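Comments concern the structure below.
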Amino acid sequence: MTIRDIVLFPDDILTTKCEPVEEVDDAIRELIDDMVETMYDAPGVGLAAPQVGVPLRITVIDPTAGEEEDDLHVLINPEIVEAEGHLSWEEGCLSIPGVYEKIDRAARVKVRALDRDGEPYELEAEDLMSVCIQHEIDHLDGILFLDRMSRLKRRIAVKKYKKHLAKMKQAEDEEGDEEDSQ
Ligand code: NI
């Protein structure tokens, strides 16, 4: 398993509509394993294939971020077949670090997908898991949580993100300088 680089906003792949997986083979399973490792390393509660540079309809979700066993969900070609209610949950995104914002979503969803072995299954979810599913399926459609904000909130969020990136880069540079001087 390999930890892959996470693609950051505003990379074009994050606004690309992803293609369905035609066959769940070993290459797909390897990608899934890498995505799981990358998500836990981040750490995050969900990751979509375009976030590691692959425009396919695959997402991995673990609302406990690996804290509890058996909470990992692999969704290939996921489709929401039922959605009801409303909730507003503070979301973040591994491709837009430093930004947290409340987004309106359906409170409960039923989703149909293929698992890691290519077997179809259905999943009913509420609260955080429902939010994760909707956030990740958005990624597969090239939609970011920024796109679900008002224009004003989006503008503030992008500013916050750029500031956060600059800080991250500064910290990296300082680390680099220290290594150079040793
Ligand atoms: Ni995200």
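Ordering of the structure tokens sets the chain letters (A, B, ...); residue numbers start at 1 within each chain; ligands are numbered from 1 in the order shown.
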Return as a short mmCIF file (atom, residue, chain, number, x, y, z; two decimals) with all heavy atoms, in the first residue's frame the full set of residues in range 104-150 of chain A whose backbone-based DSSP assignment is strand (DSSP E).
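After the write, part.cif holds the following:
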data_model
loop_
_atom_site.label_atom_id
_atom_site.label_comp_id
_atom_site.auth_asym_id
_atom_site.auth_seq_id
_atom_site.Cartn_x
_atom_site.Cartn_y
_atom_site.Cartn_z
N ASP A 104 -25.56 22.64 3.90
CA ASP A 104 -26.88 22.00 3.98
C ASP A 104 -26.89 20.72 3.14
O ASP A 104 -26.49 20.73 1.98
CB ASP A 104 -27.97 22.95 3.46
CG ASP A 104 -28.14 24.15 4.38
OD1 ASP A 104 -27.93 23.98 5.60
OD2 ASP A 104 -28.45 25.24 3.87
N ARG A 105 -27.34 19.64 3.76
CA ARG A 105 -27.40 18.34 3.07
C ARG A 105 -28.70 17.64 3.44
O ARG A 105 -29.40 18.05 4.37
CB ARG A 105 -26.24 17.43 3.54
CG ARG A 105 -24.85 17.98 3.34
CD ARG A 105 -24.36 17.73 1.94
NE ARG A 105 -22.94 18.10 1.80
CZ ARG A 105 -22.31 18.11 0.65
NH1 ARG A 105 -22.93 17.78 -0.47
NH2 ARG A 105 -21.04 18.47 0.58
N ARG A 108 -30.81 12.03 5.70
CA ARG A 108 -30.69 10.58 5.53
C ARG A 108 -30.64 10.25 4.05
O ARG A 108 -31.36 10.84 3.25
CB ARG A 108 -31.89 9.87 6.16
CG ARG A 108 -31.90 9.88 7.68
CD ARG A 108 -33.22 9.39 8.25
NE ARG A 108 -34.33 10.27 7.87
CZ ARG A 108 -34.60 11.44 8.45
NH1 ARG A 108 -33.87 11.86 9.46
NH2 ARG A 108 -35.61 12.19 8.04
N VAL A 109 -29.76 9.31 3.71
CA VAL A 109 -29.69 8.86 2.31
C VAL A 109 -29.62 7.34 2.27
O VAL A 109 -29.16 6.68 3.20
CB VAL A 109 -28.45 9.43 1.57
CG1 VAL A 109 -28.55 10.94 1.40
CG2 VAL A 109 -27.15 9.04 2.24
N LYS A 110 -30.12 6.83 1.16
CA LYS A 110 -29.90 5.42 0.85
C LYS A 110 -29.04 5.41 -0.41
O LYS A 110 -29.35 6.10 -1.39
CB LYS A 110 -31.22 4.69 0.60
CG LYS A 110 -31.02 3.18 0.48
CD LYS A 110 -32.20 2.52 -0.18
CE LYS A 110 -33.21 2.02 0.84
NZ LYS A 110 -34.30 1.23 0.16
N VAL A 111 -27.94 4.65 -0.37
CA VAL A 111 -27.01 4.65 -1.49
C VAL A 111 -26.82 3.22 -1.99
O VAL A 111 -26.87 2.26 -1.21
CB VAL A 111 -25.66 5.31 -1.07
CG1 VAL A 111 -24.94 4.49 -0.05
CG2 VAL A 111 -24.77 5.56 -2.26
N ARG A 112 -26.65 3.10 -3.30
CA ARG A 112 -26.40 1.82 -3.93
C ARG A 112 -25.00 1.89 -4.53
O ARG A 112 -24.66 2.89 -5.16
CB ARG A 112 -27.43 1.60 -5.03
CG ARG A 112 -27.66 0.19 -5.43
CD ARG A 112 -28.85 0.08 -6.38
NE ARG A 112 -30.15 0.20 -5.70
CZ ARG A 112 -31.29 0.54 -6.31
NH1 ARG A 112 -31.30 0.83 -7.58
NH2 ARG A 112 -32.41 0.58 -5.63
N ALA A 113 -24.19 0.86 -4.31
CA ALA A 113 -22.80 0.91 -4.80
C ALA A 113 -22.28 -0.52 -4.97
O ALA A 113 -22.95 -1.49 -4.61
CB ALA A 113 -21.92 1.66 -3.80
N LEU A 114 -21.06 -0.63 -5.50
CA LEU A 114 -20.35 -1.90 -5.52
C LEU A 114 -19.32 -1.87 -4.42
O LEU A 114 -18.74 -0.81 -4.13
CB LEU A 114 -19.64 -2.10 -6.87
CG LEU A 114 -20.50 -2.04 -8.13
CD1 LEU A 114 -19.62 -2.19 -9.37
CD2 LEU A 114 -21.59 -3.11 -8.10
N PRO A 120 -22.70 -5.72 -5.63
CA PRO A 120 -23.60 -4.61 -5.32
C PRO A 120 -24.14 -4.69 -3.90
O PRO A 120 -24.37 -5.79 -3.38
CB PRO A 120 -24.73 -4.76 -6.35
CG PRO A 120 -24.64 -6.15 -6.87
CD PRO A 120 -23.25 -6.66 -6.62
N TYR A 121 -24.33 -3.55 -3.27
CA TYR A 121 -24.96 -3.51 -1.95
C TYR A 121 -25.66 -2.17 -1.76
O TYR A 121 -25.44 -1.24 -2.53
CB TYR A 121 -23.93 -3.76 -0.83
CG TYR A 121 -22.94 -2.62 -0.59
CD1 TYR A 121 -23.10 -1.76 0.50
CD2 TYR A 121 -21.86 -2.40 -1.44
CE1 TYR A 121 -22.20 -0.73 0.74
CE2 TYR A 121 -20.96 -1.37 -1.21
CZ TYR A 121 -21.13 -0.54 -0.11
OH TYR A 121 -20.25 0.49 0.12
N GLU A 122 -26.49 -2.12 -0.73
CA GLU A 122 -27.18 -0.87 -0.40
C GLU A 122 -26.83 -0.48 1.03
O GLU A 122 -26.61 -1.35 1.87
CB GLU A 122 -28.70 -1.04 -0.53
CG GLU A 122 -29.17 -0.82 -1.93
CD GLU A 122 -30.70 -0.82 -2.04
OE1 GLU A 122 -31.38 -1.02 -1.01
OE2 GLU A 122 -31.19 -0.62 -3.15
N LEU A 123 -26.82 0.79 1.26
CA LEU A 123 -26.43 1.30 2.57
C LEU A 123 -27.36 2.46 2.93
O LEU A 123 -27.59 3.34 2.10
CB LEU A 123 -24.98 1.79 2.47
CG LEU A 123 -24.30 2.36 3.70
CD1 LEU A 123 -24.08 1.26 4.73
CD2 LEU A 123 -22.95 2.97 3.31
N GLU A 124 -27.90 2.41 4.16
CA GLU A 124 -28.69 3.55 4.63
C GLU A 124 -27.86 4.29 5.65
O GLU A 124 -27.22 3.68 6.50
CB GLU A 124 -30.01 3.06 5.25
CG GLU A 124 -31.02 2.70 4.18
CD GLU A 124 -32.33 2.19 4.74
OE1 GLU A 124 -32.84 2.82 5.70
OE2 GLU A 124 -32.82 1.18 4.23
N ALA A 125 -27.86 5.60 5.56
CA ALA A 125 -26.98 6.38 6.43
C ALA A 125 -27.67 7.64 6.92
O ALA A 125 -28.55 8.19 6.25
CB ALA A 125 -25.71 6.76 5.67
N GLU A 126 -27.26 8.07 8.12
CA GLU A 126 -27.74 9.36 8.64
C GLU A 126 -26.57 10.09 9.28
O GLU A 126 -25.46 9.55 9.39
CB GLU A 126 -28.88 9.14 9.64
CG GLU A 126 -28.53 8.20 10.77
CD GLU A 126 -29.70 7.96 11.72
OE1 GLU A 126 -30.84 8.24 11.35
OE2 GLU A 126 -29.43 7.50 12.84
#
What does the list of residues within 9 Å of ligand 1 look like if you count only C-alpha atoms and all ligand atoms, written as a PDB file with N, CA, C and O atoms, in the first residue's frame?
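Contents of the output file pocket.pdb:
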ATOM      1  N   GLY A  46     -13.119  10.722   4.718  1.00  0.00           N
ATOM      2  CA  GLY A  46     -13.528  10.300   3.384  1.00  0.00           C
ATOM      3  C   GLY A  46     -12.539  10.772   2.342  1.00  0.00           C
ATOM      4  O   GLY A  46     -11.849  11.785   2.550  1.00  0.00           O
ATOM      5  N   LEU A  47     -12.448  10.012   1.261  1.00  0.00           N
ATOM      6  CA  LEU A  47     -11.548  10.394   0.172  1.00  0.00           C
ATOM      7  C   LEU A  47     -12.129   9.855  -1.134  1.00  0.00           C
ATOM      8  O   LEU A  47     -12.587   8.713  -1.189  1.00  0.00           O
ATOM      9  N   ALA A  48     -12.084  10.679  -2.169  1.00  0.00           N
ATOM     10  CA  ALA A  48     -12.596  10.275  -3.479  1.00  0.00           C
ATOM     11  C   ALA A  48     -11.417  10.130  -4.446  1.00  0.00           C
ATOM     12  O   ALA A  48     -10.409  10.834  -4.312  1.00  0.00           O
ATOM     13  N   GLN A  51      -9.320  12.897  -5.843  1.00  0.00           N
ATOM     14  CA  GLN A  51      -8.426  13.576  -4.894  1.00  0.00           C
ATOM     15  C   GLN A  51      -7.022  12.964  -4.874  1.00  0.00           C
ATOM     16  O   GLN A  51      -6.107  13.541  -4.294  1.00  0.00           O
ATOM     17  N   GLU A  91     -18.382  20.920   7.566  1.00  0.00           N
ATOM     18  CA  GLU A  91     -17.569  20.041   6.734  1.00  0.00           C
ATOM     19  C   GLU A  91     -16.183  20.612   6.491  1.00  0.00           C
ATOM     20  O   GLU A  91     -15.977  21.816   6.543  1.00  0.00           O
ATOM     21  N   GLY A  92     -15.260  19.702   6.205  1.00  0.00           N
ATOM     22  CA  GLY A  92     -13.940  20.075   5.742  1.00  0.00           C
ATOM     23  C   GLY A  92     -13.616  19.197   4.551  1.00  0.00           C
ATOM     24  O   GLY A  92     -14.400  18.307   4.212  1.00  0.00           O
ATOM     25  N   CYS A  93     -12.490  19.446   3.898  1.00  0.00           N
ATOM     26  CA  CYS A  93     -12.130  18.659   2.721  1.00  0.00           C
ATOM     27  C   CYS A  93     -10.613  18.564   2.641  1.00  0.00           C
ATOM     28  O   CYS A  93      -9.920  19.576   2.770  1.00  0.00           O
ATOM     29  N   LEU A  94     -10.100  17.353   2.434  1.00  0.00           N
ATOM     30  CA  LEU A  94      -8.645  17.160   2.397  1.00  0.00           C
ATOM     31  C   LEU A  94      -7.999  17.914   1.221  1.00  0.00           C
ATOM     32  O   LEU A  94      -6.806  18.193   1.265  1.00  0.00           O
ATOM     33  N   SER A  95      -8.795  18.265   0.212  1.00  0.00           N
ATOM     34  CA  SER A  95      -8.243  19.013  -0.923  1.00  0.00           C
ATOM     35  C   SER A  95      -8.309  20.520  -0.705  1.00  0.00           C
ATOM     36  O   SER A  95      -7.782  21.289  -1.518  1.00  0.00           O
ATOM     37  N   ILE A  96      -8.988  20.931   0.392  1.00  0.00           N
ATOM     38  CA  ILE A  96      -9.098  22.360   0.703  1.00  0.00           C
ATOM     39  C   ILE A  96      -8.807  22.540   2.197  1.00  0.00           C
ATOM     40  O   ILE A  96      -9.681  22.946   2.969  1.00  0.00           O
ATOM     41  N   CYS A 132     -20.936  12.488   4.748  1.00  0.00           N
ATOM     42  CA  CYS A 132     -19.748  11.989   4.040  1.00  0.00           C
ATOM     43  C   CYS A 132     -20.124  11.463   2.656  1.00  0.00           C
ATOM     44  O   CYS A 132     -19.466  11.778   1.663  1.00  0.00           O
ATOM     45  N   HIS A 135     -20.915  14.365   0.362  1.00  0.00           N
ATOM     46  CA  HIS A 135     -19.702  15.140   0.069  1.00  0.00           C
ATOM     47  C   HIS A 135     -18.825  14.388  -0.942  1.00  0.00           C
ATOM     48  O   HIS A 135     -18.325  14.973  -1.908  1.00  0.00           O
ATOM     49  N   GLU A 136     -18.660  13.079  -0.714  1.00  0.00           N
ATOM     50  CA  GLU A 136     -17.768  12.284  -1.581  1.00  0.00           C
ATOM     51  C   GLU A 136     -18.385  12.069  -2.964  1.00  0.00           C
ATOM     52  O   GLU A 136     -17.680  12.128  -3.970  1.00  0.00           O
ATOM     53  N   ASP A 138     -20.358  14.078  -4.418  1.00  0.00           N
ATOM     54  CA  ASP A 138     -20.148  15.388  -5.072  1.00  0.00           C
ATOM     55  C   ASP A 138     -18.783  15.417  -5.760  1.00  0.00           C
ATOM     56  O   ASP A 138     -18.665  15.879  -6.892  1.00  0.00           O
ATOM     57  N   HIS A 139     -17.741  14.938  -5.056  1.00  0.00           N
ATOM     58  CA  HIS A 139     -16.394  14.917  -5.653  1.00  0.00           C
ATOM     59  C   HIS A 139     -16.400  14.170  -6.986  1.00  0.00           C
ATOM     60  O   HIS A 139     -15.740  14.576  -7.938  1.00  0.00           O
ATOM     61  N   LEU A 144     -17.369  20.649  -5.450  1.00  0.00           N
ATOM     62  CA  LEU A 144     -16.673  20.820  -4.171  1.00  0.00           C
ATOM     63  C   LEU A 144     -17.607  21.468  -3.154  1.00  0.00           C
ATOM     64  O   LEU A 144     -18.578  22.118  -3.534  1.00  0.00           O
ATOM     65  N   PHE A 145     -17.292  21.306  -1.852  1.00  0.00           N
ATOM     66  CA  PHE A 145     -18.191  21.917  -0.867  1.00  0.00           C
ATOM     67  C   PHE A 145     -18.181  23.440  -0.971  1.00  0.00           C
ATOM     68  O   PHE A 145     -19.138  24.089  -0.562  1.00  0.00           O
TER      69      PHE A 145
END
For this session: Find the residues around Gly53 in chain A up to 9 Å (only C-alpha atoms counted), leave out those fewer than 4 positions away in its own chain, and share them as a count of residues only.
Result: 6
For this session: Please identify all polymer residues within 12 Å of Pro10 in chain A, counting only C-alpha atoms, omitting same-chain residues fewer than 5 positions from it, and present them as a list in words.
Result: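 In the requested format, the answer is Thr15, Thr16, Gln51, Ser95, Ile96, Pro97, Gly142, Ile143, Leu144, Leu146, Val158, Tyr161, Lys162 and Leu165 of chain A.
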Problem set entry | A:Leu8, A:Val24, A:Met129, A:Met1 ranked by distance to Glu37 in chain A, top pick (using only C-alpha atoms) | A:Met1
For this session: Enter the distance from CA of Leu31 in chain A to CA of Ile80 in chain A, in Å, rounded to one decimal.
Result: 22.8 Å
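As for CA of Lys169 in chain A and CA of Thr38 in chain A, they are spaced 20.3 Å apart.
Between Tyr100 in chain A and the residues A:Pro55, A:Gly118, A:Ile156, A:Asp127, the shortest atom-to-atom distance, using only C-alpha atoms, involves A:Ile156.
Rounded to one decimal, CA of Leu72 in chain A and CA of Gly98 in chain A lie 24.5 Å from each other.
In the backbone-derived DSSP annotation, alpha helix (DSSP H) within range 24-99 of chain A comprises Asp26, Ala27, Ile28, Arg29, Glu30, Leu31, Ile32, Asp33, Asp34, Met35, Val36, Glu37, Thr38, Met39, Tyr40 and Asp41 of chain A.
The nearest approach to Met149 in chain A among the residues A:Ser88, A:Pro50, A:Val74, A:Ala171, with only C-alpha atoms taken into account, belongs to A:Ser88.
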Exercise. What lies within 9 Å of Leu128 in chain A using only C-alpha atoms, ignoring chain neighbours under 6 positions off, as a PyMOL selection string?
Worked result: chain A and resi 63+89+107
For this session: Within 12 Å of Glu67 in chain A, counting only C-alpha atoms, which residues show up once you throw out same-chain ones fewer than 2 positions away? Write them as a VMD selection string, please.
Result: chain A and resid 40 43 to 45 62 to 65 69 to 72
Could you write those residues out with N, CA and C atoms, as a PDB file, in the first residue's frame?
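Printed below is again14.pdb as written:
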ATOM      1  N   TYR A  40      -6.413   7.527   5.978  1.00  0.00           N
ATOM      2  CA  TYR A  40      -6.062   7.359   7.390  1.00  0.00           C
ATOM      3  C   TYR A  40      -4.821   8.165   7.752  1.00  0.00           C
ATOM      4  N   PRO A  43      -5.213  12.751   8.777  1.00  0.00           N
ATOM      5  CA  PRO A  43      -6.279  11.782   8.644  1.00  0.00           C
ATOM      6  C   PRO A  43      -7.564  12.465   8.188  1.00  0.00           C
ATOM      7  N   GLY A  44      -8.434  11.679   7.533  1.00  0.00           N
ATOM      8  CA  GLY A  44      -9.714  12.209   7.096  1.00  0.00           C
ATOM      9  C   GLY A  44     -10.791  11.163   7.235  1.00  0.00           C
ATOM     10  N   VAL A  45     -12.042  11.558   7.024  1.00  0.00           N
ATOM     11  CA  VAL A  45     -13.172  10.630   7.152  1.00  0.00           C
ATOM     12  C   VAL A  45     -13.674  10.162   5.789  1.00  0.00           C
ATOM     13  N   ASP A  62     -14.776   6.528   6.167  1.00  0.00           N
ATOM     14  CA  ASP A  62     -14.756   5.977   7.519  1.00  0.00           C
ATOM     15  C   ASP A  62     -15.033   7.112   8.488  1.00  0.00           C
ATOM     16  N   PRO A  63     -16.279   7.212   8.960  1.00  0.00           N
ATOM     17  CA  PRO A  63     -16.643   8.349   9.821  1.00  0.00           C
ATOM     18  C   PRO A  63     -15.856   8.393  11.132  1.00  0.00           C
ATOM     19  N   THR A  64     -15.174   7.302  11.513  1.00  0.00           N
ATOM     20  CA  THR A  64     -14.359   7.356  12.729  1.00  0.00           C
ATOM     21  C   THR A  64     -12.885   7.615  12.391  1.00  0.00           C
ATOM     22  N   ALA A  65     -12.580   7.819  11.100  1.00  0.00           N
ATOM     23  CA  ALA A  65     -11.199   8.070  10.643  1.00  0.00           C
ATOM     24  C   ALA A  65     -10.246   6.968  11.105  1.00  0.00           C
ATOM     25  N   GLU A  69     -12.839  -0.140  14.574  1.00  0.00           N
ATOM     26  CA  GLU A  69     -12.740  -1.155  13.529  1.00  0.00           C
ATOM     27  C   GLU A  69     -14.063  -1.304  12.785  1.00  0.00           C
ATOM     28  N   ASP A  70     -13.994  -1.828  11.598  1.00  0.00           N
ATOM     29  CA  ASP A  70     -15.191  -2.177  10.819  1.00  0.00           C
ATOM     30  C   ASP A  70     -16.065  -0.982  10.475  1.00  0.00           C
ATOM     31  N   ASP A  71     -15.501   0.191  10.382  1.00  0.00           N
ATOM     32  CA  ASP A  71     -16.307   1.335   9.982  1.00  0.00           C
ATOM     33  C   ASP A  71     -15.873   1.868   8.624  1.00  0.00           C
ATOM     34  N   LEU A  72     -15.107   1.058   7.906  1.00  0.00           N
ATOM     35  CA  LEU A  72     -14.627   1.455   6.591  1.00  0.00           C
ATOM     36  C   LEU A  72     -15.629   1.045   5.513  1.00  0.00           C
TER      37      LEU A  72
END
Problem set entry | Residue nearest Ser150 in chain A among A:Ile61, A:Ala27, A:Ala83, A:Ile103 (counting only C-alpha atoms) |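 Of A:Ile61, A:Ala27, A:Ala83, A:Ile103, the one nearest Ser150 in chain A is A:Ile103, counting only C-alpha atoms.
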For this session: Between A:Val52, A:Val99, A:Lys153, A:Ser130, single out the one closest to Leu87 in chain A, counting only C-alpha atoms.
Result: A:Ser130
